>>> print(open('my_file_31.cif').read())   # mmCIF, C-alpha atoms
data_my_file
loop_
_atom_site.group_PDB
_atom_site.id
_atom_site.type_symbol
_atom_site.label_atom_id
_atom_site.label_comp_id
_atom_site.auth_asym_id
_atom_site.auth_seq_id
_atom_site.Cartn_x
_atom_site.Cartn_y
_atom_site.Cartn_z
ATOM 1 C CA MET A 1 19.523 22.477 7.909
ATOM 2 C CA THR A 2 17.958 19.126 7.129
ATOM 3 C CA ALA A 3 18.215 18.012 3.498
ATOM 4 C CA ASP A 4 15.073 16.966 1.673
ATOM 5 C CA PRO A 5 14.091 13.348 2.324
ATOM 6 C CA SER A 6 15.446 10.555 0.166
ATOM 7 C CA LEU A 7 15.894 6.805 0.389
ATOM 8 C CA ASP A 8 17.400 4.220 -1.963
ATOM 9 C CA ARG A 9 16.433 0.570 -1.961
ATOM 10 C CA VAL A 10 16.892 -2.468 -4.196
ATOM 11 C CA PRO A 11 13.881 -4.727 -3.663
ATOM 12 C CA THR A 12 15.008 -8.286 -4.311
ATOM 13 C CA PRO A 13 12.887 -11.355 -5.092
ATOM 14 C CA VAL A 14 13.256 -12.257 -1.409
ATOM 15 C CA SER A 15 12.014 -8.794 -0.400
ATOM 16 C CA LEU A 16 8.957 -9.254 -2.606
ATOM 17 C CA PHE A 17 8.234 -12.708 -1.264
ATOM 18 C CA ARG A 18 8.535 -11.651 2.365
ATOM 19 C CA TYR A 19 6.399 -8.565 1.792
ATOM 20 C CA SER A 20 3.727 -10.609 -0.012
ATOM 21 C CA ALA A 21 3.743 -13.166 2.788
ATOM 22 C CA VAL A 22 3.258 -10.692 5.608
ATOM 23 C CA THR A 23 0.587 -8.711 3.745
ATOM 24 C CA TRP A 24 -1.211 -11.902 2.630
ATOM 25 C CA ASN A 25 -0.780 -10.897 -1.004
ATOM 26 C CA ALA A 26 -0.765 -14.061 -3.118
ATOM 27 C CA HIS A 27 -0.722 -12.233 -6.452
ATOM 28 C CA ARG A 28 1.601 -14.389 -8.569
ATOM 29 C CA VAL A 29 3.177 -11.446 -10.408
ATOM 30 C CA HIS A 30 5.220 -10.823 -7.255
ATOM 31 C CA TYR A 31 6.833 -14.279 -6.876
ATOM 32 C CA ASP A 32 6.064 -16.487 -9.899
ATOM 33 C CA LEU A 33 8.396 -15.315 -12.678
ATOM 34 C CA ALA A 34 6.948 -17.612 -15.353
ATOM 35 C CA TYR A 35 3.416 -16.414 -14.641
ATOM 36 C CA ALA A 36 4.445 -12.757 -14.431
ATOM 37 C CA THR A 37 6.254 -12.814 -17.772
ATOM 38 C CA THR A 38 4.278 -15.257 -19.901
ATOM 39 C CA VAL A 39 0.718 -14.623 -18.682
ATOM 40 C CA GLU A 40 0.677 -10.975 -17.655
ATOM 41 C CA GLY A 41 3.485 -9.806 -19.936
ATOM 42 C CA HIS A 42 5.756 -8.287 -17.311
ATOM 43 C CA HIS A 43 9.532 -8.006 -17.689
ATOM 44 C CA GLY A 44 10.279 -9.581 -14.310
ATOM 45 C CA LEU A 45 8.818 -9.980 -10.845
ATOM 46 C CA LEU A 46 6.615 -6.945 -10.239
ATOM 47 C CA VAL A 47 7.432 -4.907 -7.133
ATOM 48 C CA GLN A 48 4.275 -4.310 -5.111
ATOM 49 C CA ALA A 49 3.081 -0.695 -5.293
ATOM 50 C CA TYR A 50 2.358 -1.152 -1.578
ATOM 51 C CA LEU A 51 6.037 -1.923 -0.965
ATOM 52 C CA LEU A 52 7.016 1.288 -2.736
ATOM 53 C CA SER A 53 4.537 3.169 -0.519
ATOM 54 C CA SER A 54 6.199 1.551 2.500
ATOM 55 C CA TYR A 55 9.562 2.863 1.330
ATOM 56 C CA LEU A 56 8.055 6.356 1.044
ATOM 57 C CA SER A 57 6.630 6.078 4.546
ATOM 58 C CA GLU A 58 9.983 4.901 5.899
ATOM 59 C CA MET A 59 11.735 7.784 4.177
ATOM 60 C CA LEU A 60 9.341 10.302 5.724
ATOM 61 C CA MET A 61 9.525 8.751 9.202
ATOM 62 C CA ASP A 62 13.317 8.876 9.074
ATOM 63 C CA TRP A 63 13.321 12.458 7.818
ATOM 64 C CA GLY A 64 10.847 13.698 10.425
ATOM 65 C CA GLY A 65 12.828 12.216 13.305
ATOM 66 C CA PRO A 66 11.355 10.636 16.427
ATOM 67 C CA SER A 67 8.766 13.395 16.977
ATOM 68 C CA GLY A 68 7.692 13.634 13.340
ATOM 69 C CA ARG A 69 4.381 12.159 12.264
ATOM 70 C CA VAL A 70 3.205 11.243 8.778
ATOM 71 C CA THR A 71 -0.432 12.355 8.630
ATOM 72 C CA ALA A 72 -1.259 11.736 4.968
ATOM 73 C CA LEU A 73 0.169 9.952 1.946
ATOM 74 C CA SER A 74 -1.333 9.870 -1.535
ATOM 75 C CA TYR A 75 0.387 8.162 -4.414
ATOM 76 C CA ARG A 76 -0.271 6.826 -7.891
ATOM 77 C CA ALA A 77 1.601 3.979 -9.554
ATOM 78 C CA ARG A 78 2.786 5.281 -12.936
ATOM 79 C CA HIS A 79 5.176 2.649 -14.219
ATOM 80 C CA PRO A 80 5.979 -0.940 -13.209
ATOM 81 C CA VAL A 81 9.135 -1.640 -11.211
ATOM 82 C CA TYR A 82 10.782 -5.052 -11.297
ATOM 83 C CA ALA A 83 12.780 -6.915 -8.663
ATOM 84 C CA GLY A 84 16.486 -6.113 -8.633
ATOM 85 C CA THR A 85 16.006 -2.519 -9.755
ATOM 86 C CA LEU A 86 17.441 0.374 -7.764
ATOM 87 C CA VAL A 87 14.552 2.553 -6.626
ATOM 88 C CA HIS A 88 15.131 6.110 -5.496
ATOM 89 C CA CYS A 89 12.525 7.600 -3.189
ATOM 90 C CA TRP A 90 12.446 11.369 -2.854
ATOM 91 C CA GLY A 91 10.500 14.171 -1.229
ATOM 92 C CA ARG A 92 10.406 17.918 -1.718
ATOM 93 C CA GLN A 93 8.791 20.429 0.621
ATOM 94 C CA THR A 94 6.054 22.482 -1.018
ATOM 95 C CA LYS A 95 4.429 24.276 1.914
ATOM 96 C CA VAL A 96 5.078 24.826 5.621
ATOM 97 C CA ARG A 97 2.348 26.034 7.958
ATOM 98 C CA GLY A 98 2.832 27.029 11.550
ATOM 99 C CA GLY A 99 0.790 25.747 14.459
ATOM 100 C CA THR A 100 1.006 25.937 18.222
ATOM 101 C CA GLY A 101 4.026 23.834 19.049
ATOM 102 C CA PHE A 102 4.256 22.181 15.656
ATOM 103 C CA ARG A 103 4.590 22.770 11.949
ATOM 104 C CA GLU A 104 2.623 21.116 9.212
ATOM 105 C CA VAL A 105 4.588 20.382 6.057
ATOM 106 C CA ASP A 106 3.300 19.405 2.632
ATOM 107 C CA LEU A 107 5.628 17.507 0.324
ATOM 108 C CA GLN A 108 5.731 16.175 -3.176
ATOM 109 C CA VAL A 109 7.014 12.618 -3.082
ATOM 110 C CA GLY A 110 7.956 10.052 -5.662
ATOM 111 C CA VAL A 111 9.820 6.926 -6.587
ATOM 112 C CA THR A 112 12.064 6.826 -9.641
ATOM 113 C CA ALA A 113 13.413 3.629 -11.152
ATOM 114 C CA ASP A 114 15.214 3.058 -14.441
ATOM 115 C CA GLY A 115 15.030 6.806 -15.040
ATOM 116 C CA ARG A 116 11.225 6.822 -14.933
ATOM 117 C CA ASP A 117 8.659 8.105 -12.471
ATOM 118 C CA ALA A 118 7.371 4.832 -11.042
ATOM 119 C CA VAL A 119 5.290 6.495 -8.335
ATOM 120 C CA THR A 120 4.262 10.111 -7.835
ATOM 121 C CA GLY A 121 2.350 11.584 -4.951
ATOM 122 C CA THR A 122 2.039 13.940 -2.033
ATOM 123 C CA ALA A 123 2.465 13.660 1.719
ATOM 124 C CA ARG A 124 1.710 15.713 4.791
ATOM 125 C CA MET A 125 3.745 15.666 7.983
ATOM 126 C CA ARG A 126 3.409 17.156 11.421
ATOM 127 C CA LEU A 127 6.808 18.180 12.758
ATOM 128 C CA PRO A 128 7.995 19.787 15.983
ATOM 129 C CA GLU A 129 8.250 23.569 15.980
ATOM 130 C CA ASP A 130 12.020 23.413 16.359
ATOM 131 C CA PHE A 131 12.498 21.088 13.384
ATOM 132 C CA ASP A 132 15.601 22.167 11.482
ATOM 133 C CA PHE A 133 14.385 22.791 7.963
ATOM 134 C CA MET B 1 -12.467 -4.020 -23.328
ATOM 135 C CA ASP B 2 -13.651 -7.504 -22.480
ATOM 136 C CA ASP B 3 -16.883 -7.497 -20.535
ATOM 137 C CA ASP B 4 -15.402 -9.973 -18.080
ATOM 138 C CA ALA B 5 -12.856 -7.438 -16.831
ATOM 139 C CA LEU B 6 -15.442 -5.390 -15.042
ATOM 140 C CA ASP B 7 -19.209 -5.421 -15.039
ATOM 141 C CA SER B 8 -19.944 -1.747 -15.564
ATOM 142 C CA THR B 9 -23.697 -2.290 -15.194
ATOM 143 C CA ARG B 10 -23.190 -2.993 -11.506
ATOM 144 C CA ARG B 11 -23.511 -0.106 -9.114
ATOM 145 C CA PRO B 12 -21.257 0.103 -6.076
ATOM 146 C CA ASP B 13 -21.959 -2.703 -3.632
ATOM 147 C CA PRO B 14 -24.213 -1.451 -0.854
ATOM 148 C CA GLU B 15 -22.693 -3.735 1.725
ATOM 149 C CA THR B 16 -19.563 -3.095 3.723
ATOM 150 C CA ARG B 17 -17.253 -5.961 4.619
ATOM 151 C CA VAL B 18 -15.829 -5.774 8.110
ATOM 152 C CA PHE B 19 -12.631 -7.494 9.229
ATOM 153 C CA THR B 20 -10.911 -7.746 12.585
ATOM 154 C CA LEU B 21 -7.139 -7.396 12.410
ATOM 155 C CA PRO B 22 -4.949 -7.968 15.482
ATOM 156 C CA ILE B 23 -1.752 -5.906 15.283
ATOM 157 C CA ASP B 24 0.602 -8.726 16.121
ATOM 158 C CA ALA B 25 4.205 -8.040 17.204
ATOM 159 C CA VAL B 26 5.594 -10.847 15.051
ATOM 160 C CA ALA B 27 3.765 -9.629 11.942
ATOM 161 C CA VAL B 28 4.924 -6.059 12.584
ATOM 162 C CA GLY B 29 8.504 -7.289 12.978
ATOM 163 C CA ARG B 30 8.273 -9.262 9.759
ATOM 164 C CA TYR B 31 6.817 -6.275 7.928
ATOM 165 C CA ALA B 32 9.686 -4.066 9.092
ATOM 166 C CA ALA B 33 12.205 -6.758 8.136
ATOM 167 C CA ALA B 34 10.680 -7.193 4.676
ATOM 168 C CA THR B 35 11.040 -3.469 4.015
ATOM 169 C CA HIS B 36 14.529 -3.258 5.598
ATOM 170 C CA ASP B 37 13.149 -0.673 8.023
ATOM 171 C CA ASP B 38 15.134 -0.677 11.277
ATOM 172 C CA ASN B 39 13.257 2.147 13.027
ATOM 173 C CA PRO B 40 13.199 1.022 16.691
ATOM 174 C CA VAL B 41 9.722 2.445 17.374
ATOM 175 C CA TYR B 42 8.245 -0.649 15.708
ATOM 176 C CA ALA B 43 9.799 -3.088 18.161
ATOM 177 C CA ASP B 44 10.991 -1.263 21.257
ATOM 178 C CA ASP B 45 8.518 0.234 23.741
ATOM 179 C CA VAL B 46 11.241 2.402 25.305
ATOM 180 C CA ALA B 47 12.255 3.918 21.958
ATOM 181 C CA ALA B 48 8.594 4.423 21.091
ATOM 182 C CA ARG B 49 7.896 6.226 24.384
ATOM 183 C CA ALA B 50 10.949 8.437 23.813
ATOM 184 C CA ALA B 51 9.363 9.387 20.485
ATOM 185 C CA GLY B 52 6.087 10.347 22.165
ATOM 186 C CA TYR B 53 4.075 7.169 21.637
ATOM 187 C CA GLU B 54 2.480 5.065 24.377
ATOM 188 C CA ARG B 55 4.377 1.955 23.261
ATOM 189 C CA ALA B 56 5.676 0.322 20.052
ATOM 190 C CA ILE B 57 3.665 1.172 16.958
ATOM 191 C CA ALA B 58 3.005 -0.509 13.629
ATOM 192 C CA PRO B 59 4.675 1.091 10.588
ATOM 193 C CA PRO B 60 2.257 3.658 9.113
ATOM 194 C CA THR B 61 1.517 1.568 6.019
ATOM 195 C CA PHE B 62 1.187 -1.754 7.873
ATOM 196 C CA VAL B 63 -2.617 -1.831 7.660
ATOM 197 C CA SER B 64 -2.973 -0.053 4.312
ATOM 198 C CA ALA B 65 -0.656 -2.600 2.644
ATOM 199 C CA MET B 66 -2.680 -5.649 3.734
ATOM 200 C CA LEU B 67 -4.240 -7.014 0.588
ATOM 201 C CA ASP B 68 -6.577 -9.366 2.399
ATOM 202 C CA HIS B 69 -7.685 -9.284 6.022
ATOM 203 C CA SER B 70 -9.427 -12.656 5.904
ATOM 204 C CA GLY B 71 -7.940 -16.040 6.737
ATOM 205 C CA GLY B 72 -8.052 -16.837 3.044
ATOM 206 C CA PRO B 73 -9.805 -19.531 1.036
ATOM 207 C CA PRO B 74 -8.210 -22.837 0.007
ATOM 208 C CA GLU B 75 -5.784 -22.604 -2.908
ATOM 209 C CA THR B 76 -8.297 -24.249 -5.209
ATOM 210 C CA ALA B 77 -10.635 -21.288 -4.730
ATOM 211 C CA LEU B 78 -8.128 -18.678 -5.848
ATOM 212 C CA ARG B 79 -8.216 -16.778 -9.107
ATOM 213 C CA ARG B 80 -5.699 -17.743 -11.771
ATOM 214 C CA ASP B 81 -3.439 -14.919 -10.585
ATOM 215 C CA GLY B 82 -3.417 -16.191 -6.996
ATOM 216 C CA ILE B 83 -5.774 -13.601 -5.514
ATOM 217 C CA ALA B 84 -8.839 -14.767 -3.599
ATOM 218 C CA LEU B 85 -12.032 -14.271 -5.578
ATOM 219 C CA ASP B 86 -13.666 -12.204 -2.854
ATOM 220 C CA THR B 87 -10.697 -9.939 -2.079
ATOM 221 C CA PHE B 88 -12.127 -7.259 -4.315
ATOM 222 C CA PRO B 89 -15.717 -6.135 -4.990
ATOM 223 C CA SER B 90 -17.917 -8.300 -7.150
ATOM 224 C CA VAL B 91 -17.668 -5.884 -10.093
ATOM 225 C CA VAL B 92 -14.129 -7.208 -10.676
ATOM 226 C CA GLY B 93 -14.350 -10.071 -13.144
ATOM 227 C CA PRO B 94 -12.714 -13.355 -12.096
ATOM 228 C CA GLN B 95 -10.202 -13.428 -14.969
ATOM 229 C CA SER B 96 -9.345 -9.760 -15.217
ATOM 230 C CA VAL B 97 -5.803 -8.480 -14.795
ATOM 231 C CA LEU B 98 -5.337 -6.464 -11.611
ATOM 232 C CA MET B 99 -2.801 -3.805 -10.733
ATOM 233 C CA GLY B 100 -2.473 -1.554 -7.734
ATOM 234 C CA GLY B 101 -3.135 1.976 -8.965
ATOM 235 C CA GLY B 102 -2.421 3.949 -5.820
ATOM 236 C CA GLN B 103 -3.778 4.967 -2.465
ATOM 237 C CA ASP B 104 -4.937 8.029 -0.568
ATOM 238 C CA ILE B 105 -4.228 7.455 3.114
ATOM 239 C CA GLU B 106 -4.975 9.588 6.142
ATOM 240 C CA PHE B 107 -3.115 8.570 9.282
ATOM 241 C CA LEU B 108 -5.447 9.841 11.984
ATOM 242 C CA GLY B 109 -3.680 8.337 14.972
ATOM 243 C CA PRO B 110 -1.049 5.740 15.862
ATOM 244 C CA ILE B 111 -1.804 2.049 15.555
ATOM 245 C CA TYR B 112 -0.070 0.265 18.412
ATOM 246 C CA VAL B 113 1.369 -3.213 18.562
ATOM 247 C CA GLY B 114 -1.224 -5.169 20.530
ATOM 248 C CA ASP B 115 -4.184 -3.177 19.198
ATOM 249 C CA VAL B 116 -7.064 -4.973 17.549
ATOM 250 C CA VAL B 117 -8.448 -2.871 14.741
ATOM 251 C CA GLU B 118 -11.642 -3.202 12.778
ATOM 252 C CA VAL B 119 -11.349 -2.545 9.051
ATOM 253 C CA SER B 120 -14.554 -1.694 7.165
ATOM 254 C CA ARG B 121 -14.163 -1.988 3.393
ATOM 255 C CA SER B 122 -16.655 -0.611 0.881
ATOM 256 C CA LEU B 123 -16.672 -0.198 -2.870
ATOM 257 C CA VAL B 124 -17.226 3.515 -3.422
ATOM 258 C CA ASP B 125 -16.629 4.051 -7.130
ATOM 259 C CA HIS B 126 -15.781 2.438 -10.421
ATOM 260 C CA TYR B 127 -15.170 4.115 -13.737
ATOM 261 C CA ARG B 128 -13.539 3.623 -17.143
ATOM 262 C CA ARG B 129 -10.797 5.865 -18.481
ATOM 263 C CA PRO B 130 -8.476 5.771 -21.489
ATOM 264 C CA SER B 131 -4.820 5.119 -20.777
ATOM 265 C CA ARG B 132 -1.843 6.059 -22.938
ATOM 266 C CA ARG B 133 -0.348 2.576 -23.121
ATOM 267 C CA PHE B 134 -3.206 0.118 -22.573
ATOM 268 C CA GLY B 135 -6.251 1.669 -24.212
ATOM 269 C CA GLU B 136 -9.324 1.806 -21.986
ATOM 270 C CA LEU B 137 -8.919 0.640 -18.412
ATOM 271 C CA ASP B 138 -11.367 0.274 -15.567
ATOM 272 C CA PHE B 139 -10.730 1.637 -12.109
ATOM 273 C CA VAL B 140 -12.270 0.422 -8.862
ATOM 274 C CA VAL B 141 -12.061 2.499 -5.679
ATOM 275 C CA VAL B 142 -12.396 0.827 -2.284
ATOM 276 C CA GLU B 143 -12.649 2.825 0.927
ATOM 277 C CA SER B 144 -11.384 1.350 4.199
ATOM 278 C CA GLN B 145 -12.112 2.869 7.579
ATOM 279 C CA VAL B 146 -9.939 1.632 10.426
ATOM 280 C CA VAL B 147 -11.084 1.905 14.044
ATOM 281 C CA ASN B 148 -9.188 0.592 17.061
ATOM 282 C CA GLN B 149 -10.529 -1.393 20.004
ATOM 283 C CA ASP B 150 -11.334 1.853 21.862
ATOM 284 C CA GLY B 151 -13.474 3.153 19.015
ATOM 285 C CA VAL B 152 -10.828 5.638 17.879
ATOM 286 C CA HIS B 153 -10.790 6.259 14.130
ATOM 287 C CA VAL B 154 -7.112 5.748 13.302
ATOM 288 C CA MET B 155 -6.953 5.515 9.526
ATOM 289 C CA ARG B 156 -8.868 6.171 6.321
ATOM 290 C CA ILE B 157 -7.712 4.568 3.062
ATOM 291 C CA PHE B 158 -8.904 4.910 -0.513
ATOM 292 C CA ASP B 159 -7.446 2.142 -2.687
ATOM 293 C CA THR B 160 -7.559 2.489 -6.459
ATOM 294 C CA LEU B 161 -7.409 -0.805 -8.297
ATOM 295 C CA VAL B 162 -6.679 -0.880 -12.035
ATOM 296 C CA VAL B 163 -8.635 -3.617 -13.810
ATOM 297 C CA GLY B 164 -7.395 -4.746 -17.194
ATOM 298 C CA PRO B 165 -9.055 -6.940 -19.807
ATOM 299 C CA LEU B 166 -9.033 -10.710 -19.876
ATOM 300 C CA VAL B 167 -5.815 -12.167 -21.262
ATOM 301 C CA ALA B 168 -5.148 -15.545 -22.801
ATOM 302 C CA GLY B 169 -3.594 -18.055 -20.453
ATOM 303 C CA PRO B 170 -4.261 -21.016 -18.215
ATOM 304 C CA PRO B 171 -7.713 -21.325 -16.658
ATOM 305 C CA VAL B 172 -8.582 -19.916 -13.260
ATOM 306 C CA VAL B 173 -7.318 -22.187 -10.507
ATOM 307 C CA GLY B 174 -10.187 -24.270 -9.236
ATOM 308 C CA GLN B 175 -12.338 -23.905 -12.360
#
>>> encode(input="my_file_31.cif", output="C-alpha cells")
Amino acid sequence: MTADPSLDRVPTPVSLFRYSAVTWNAHRVHYDLAYATTVEGHHGLLVQAYLLSSYLSEMLMDWGGPSGRVTALSYRARHPVYAGTLVHCWGRQTKVRGGTGFREVDLQVGVTADGRDAVTGTARMRLPEDFDF
Amino acid sequence: MDDDALDSTRRPDPETRVFTLPIDAVAVGRYAAATHDDNPVYADDVAARAAGYERAIAPPTFVSAMLDHSGGPPETALRRDGIALDTFPSVVGPQSVLMGGGQDIEFLGPIYVGDVVEVSRSLVDHYRRPSRRFGELDFVVVESQVVNQDGVHVMRIFDTLVVGPLVAGPPVVGQ
C-alpha cells in the first residue's frame, strides 16, 4: 500500500534566486533582504508561493508514479515562509472514483512551515487502475 | 486602505494580453534544478515515453509559475518592488504591495519541451475583503488560458493576487 504523499524541502536563498530567475520574477522580496525586511516588513527572504506550488506538484508527480497525472491543483497562501525554513508538503486522499482503466483521486494538500499552515489546497490526480492505494 | 493600492472604480479590463512562450529545454532544466526536482521525464525523452508521454515534458507548474511572459522592460521602468508596471492589470496601483494569494490550475494536457504555447491573460475579477491580520485587502483575479501550437487547450489558470496598501519607503524606480 502506498503511503500518502509527502515531501520535505528547505528552500535556500539560492533556491529562491534561481526560481525567480527562471520564472522572470524580479520581485525584490525574494532576493533583496534589506528591501524585504525594511520596506515590506518581512522577517527574511520570502519564499515564492509559486515555488511552494511547485513542491506540491513534485510531491504529487512522485506519488502518482510514471503513469500518474496531476489534473488539477488549487491552493491558497495562508502564511509567509522565509528562506532557510524546513517546509513539509503533504497530501491526504479524500475521494477515489473509478473509471475505465484509471482512477480519479481527490486530495487535500498543504504546506506546513514553522508549525503553521503556509499553504492549503486541493488536488486531483488520474492514476492507473492498478495503483496500489 | 490607500486609494493607490487598487482603483476600485475600474471595471475588469476588457482586453486580453496574449504572449507566446517557447517551452525551452534549458529553461525547463533550470526550473527543475531550482526546485530540486530530479524526475527524468523533464529531461529524458526515453523516460518520458516510458511514462506514456510523446517526449520530455515541462513540469506541471512550469507555465503557471511564470510571473511575466514578456521580454521585460528596462530596469528603470520597474516598480519599486522590482516588478514590471504592466505585469498586472491596470487596477493595481504602482506603489501597492503585492503578494501571491494562490492559484486554481487545471492541467488539461501535457506541455512538451519544444512546444510553443500561447498564453492569454485577462483580468476577470477584483474585490475587497477584510483580513484577520492586515485589515482590508484587495484581491485581483487573472485568468490565463494556455493553448499549444496545435490549438490544443492545455492549461487554465486563475491567479489570485493580494494587493496591499501603499507603504512608506523609497520612491518607485524610474520615477
>>> atom_distance(input="my_file_31.cif", atom1="atom CA of Val91 of chain B", atom2="atom CA of Leu52 of chain A")
26.7 Å
>>> atom_distance(input="my_file_31.cif", atom1="atom CA of Val163 of chain B", atom2="atom CA of Val92 of chain B")
7.3 Å
>>> residues_around(input="my_file_31.cif", residues="Val81 of chain A", least_positions_apart="4", cutoff="7 Å", atoms="only C-alpha atoms", output="VMD selection string")
chain A and resid 46 to 47 113 118
>>> closest_residue(input="my_file_31.cif", among="B:Pro73, B:Ile57, B:Leu137, B:Gly102", to="Asp45 of chain B", atoms="all atoms listed in the file")
B:Ile57
>>> atom_distance(input="my_file_31.cif", atom1="atom CA of Arg78 of chain A", atom2="atom CA of Arg133 of chain B")
11.0 Å
>>> closest_residue(input="my_file_31.cif", among="A:Leu73, A:Leu51, A:Met125, A:Met59", to="Tyr19 of chain A", atoms="only C-alpha atoms")
A:Leu51
>>> closest_residue(input="my_file_31.cif", among="A:Ala83, A:Glu58, A:Thr38, A:Arg126", to="Phe17 of chain A", atoms="only C-alpha atoms")
A:Ala83
>>> closest_residue(input="my_file_31.cif", among="A:Arg69, A:Arg28, A:Arg9, A:Arg76", to="Gln103 of chain B", atoms="only C-alpha atoms")
A:Arg76
>>> resolve_selection(input="my_file_31.cif", expression="the PyMOL selection byres ((chain A and resi 102-109) around 12)", output="MDAnalysis selection string")
chainID A and resid 4:7 52:53 55:57 59:60 63:64 67:76 88:101 110:112 117:133
>>> resolve_selection(input="my_file_31.cif", expression="the PyMOL selection byres ((chain B) within 6 of (chain A))", output="JSON, numbers by chain")
{"B": [34, 51, 61, 65, 66, 67, 68, 81, 82, 83, 101, 102, 103, 104, 105, 106, 107, 169]}
>>> closest_residue(input="my_file_31.cif", among="B:His126, B:Glu118, B:Gln95, B:Asp37", to="Gly151 of chain B", atoms="all atoms listed in the file")
B:Glu118
>>> axis_aligned_box(input="my_file_31.cif", around="segment 100-116 of chain B", padding_each_side="4 Å", output="AutoDock Vina command-line options")
--center_x -2.8 --center_y 2.3 --center_z 5.8 --size_x 16.4 --size_y 23.0 --size_z 37.5
>>> resolve_selection(input="my_file_31.cif", expression="the PyMOL selection byres ((chain B and resi 161) around 9)", output="ChimeraX atom specification")
/B:88,98-103,138-142,159-160,162-163
>>> closest_residue(input="my_file_31.cif", among="B:Gly72, B:Gly93, B:Pro165, B:Gly114", to="Glu54 of chain B", atoms="all atoms listed in the file")
B:Gly114
>>> residues_around(input="my_file_31.cif", residues="Val41 of chain B", least_positions_apart="3", cutoff="10 Å", atoms="all atoms listed in the file", output="compact mmCIF listing (two decimals) with C-alpha atoms, in the frame of the given file")
# COMPACT_ATOMS: atom_id res chain seq x y z
CA PRO A 66 11.36 10.64 16.43
CA ASP B 38 15.13 -0.68 11.28
CA ASP B 44 10.99 -1.26 21.26
CA ASP B 45 8.52 0.23 23.74
CA VAL B 46 11.24 2.40 25.30
CA ALA B 47 12.26 3.92 21.96
CA ALA B 48 8.59 4.42 21.09
CA ARG B 49 7.90 6.23 24.38
CA ALA B 50 10.95 8.44 23.81
CA ALA B 51 9.36 9.39 20.48
CA GLY B 52 6.09 10.35 22.16
CA TYR B 53 4.08 7.17 21.64
CA ARG B 55 4.38 1.96 23.26
CA ALA B 56 5.68 0.32 20.05
CA ILE B 57 3.66 1.17 16.96
CA ALA B 58 3.00 -0.51 13.63
CA PRO B 59 4.68 1.09 10.59
>>> build_atoms(input="my_file_31.cif", residues="segment 49-60 of chain A", atoms="N, CA and C atoms", output="PDB file, in the frame of the given file")
ATOM      1  N   ALA A  49       3.220  -2.153  -5.504  1.00  0.00           N
ATOM      2  CA  ALA A  49       3.081  -0.695  -5.293  1.00  0.00           C
ATOM      3  C   ALA A  49       3.020  -0.404  -3.801  1.00  0.00           C
ATOM      4  N   TYR A  50       2.418  -1.327  -3.040  1.00  0.00           N
ATOM      5  CA  TYR A  50       2.358  -1.152  -1.578  1.00  0.00           C
ATOM      6  C   TYR A  50       3.765  -1.101  -0.977  1.00  0.00           C
ATOM      7  N   LEU A  51       4.665  -1.926  -1.497  1.00  0.00           N
ATOM      8  CA  LEU A  51       6.037  -1.923  -0.965  1.00  0.00           C
ATOM      9  C   LEU A  51       6.701  -0.568  -1.242  1.00  0.00           C
ATOM     10  N   LEU A  52       6.456  -0.033  -2.421  1.00  0.00           N
ATOM     11  CA  LEU A  52       7.016   1.288  -2.736  1.00  0.00           C
ATOM     12  C   LEU A  52       6.431   2.353  -1.801  1.00  0.00           C
ATOM     13  N   SER A  53       5.139   2.213  -1.469  1.00  0.00           N
ATOM     14  CA  SER A  53       4.537   3.169  -0.519  1.00  0.00           C
ATOM     15  C   SER A  53       5.163   3.007   0.867  1.00  0.00           C
ATOM     16  N   SER A  54       5.541   1.777   1.216  1.00  0.00           N
ATOM     17  CA  SER A  54       6.199   1.551   2.500  1.00  0.00           C
ATOM     18  C   SER A  54       7.567   2.225   2.527  1.00  0.00           C
ATOM     19  N   TYR A  55       8.277   2.164   1.407  1.00  0.00           N
ATOM     20  CA  TYR A  55       9.562   2.863   1.330  1.00  0.00           C
ATOM     21  C   TYR A  55       9.360   4.380   1.519  1.00  0.00           C
ATOM     22  N   LEU A  56       8.315   4.919   0.887  1.00  0.00           N
ATOM     23  CA  LEU A  56       8.055   6.356   1.044  1.00  0.00           C
ATOM     24  C   LEU A  56       7.756   6.696   2.497  1.00  0.00           C
ATOM     25  N   SER A  57       6.955   5.860   3.136  1.00  0.00           N
ATOM     26  CA  SER A  57       6.630   6.078   4.546  1.00  0.00           C
ATOM     27  C   SER A  57       7.885   6.014   5.408  1.00  0.00           C
ATOM     28  N   GLU A  58       8.728   5.030   5.133  1.00  0.00           N
ATOM     29  CA  GLU A  58       9.983   4.901   5.899  1.00  0.00           C
ATOM     30  C   GLU A  58      10.855   6.140   5.711  1.00  0.00           C
ATOM     31  N   MET A  59      10.944   6.587   4.471  1.00  0.00           N
ATOM     32  CA  MET A  59      11.735   7.784   4.177  1.00  0.00           C
ATOM     33  C   MET A  59      11.230   8.980   4.980  1.00  0.00           C
ATOM     34  N   LEU A  60       9.914   9.150   5.018  1.00  0.00           N
ATOM     35  CA  LEU A  60       9.341  10.302   5.724  1.00  0.00           C
ATOM     36  C   LEU A  60       9.517  10.176   7.235  1.00  0.00           C
TER      37      LEU A  60
END
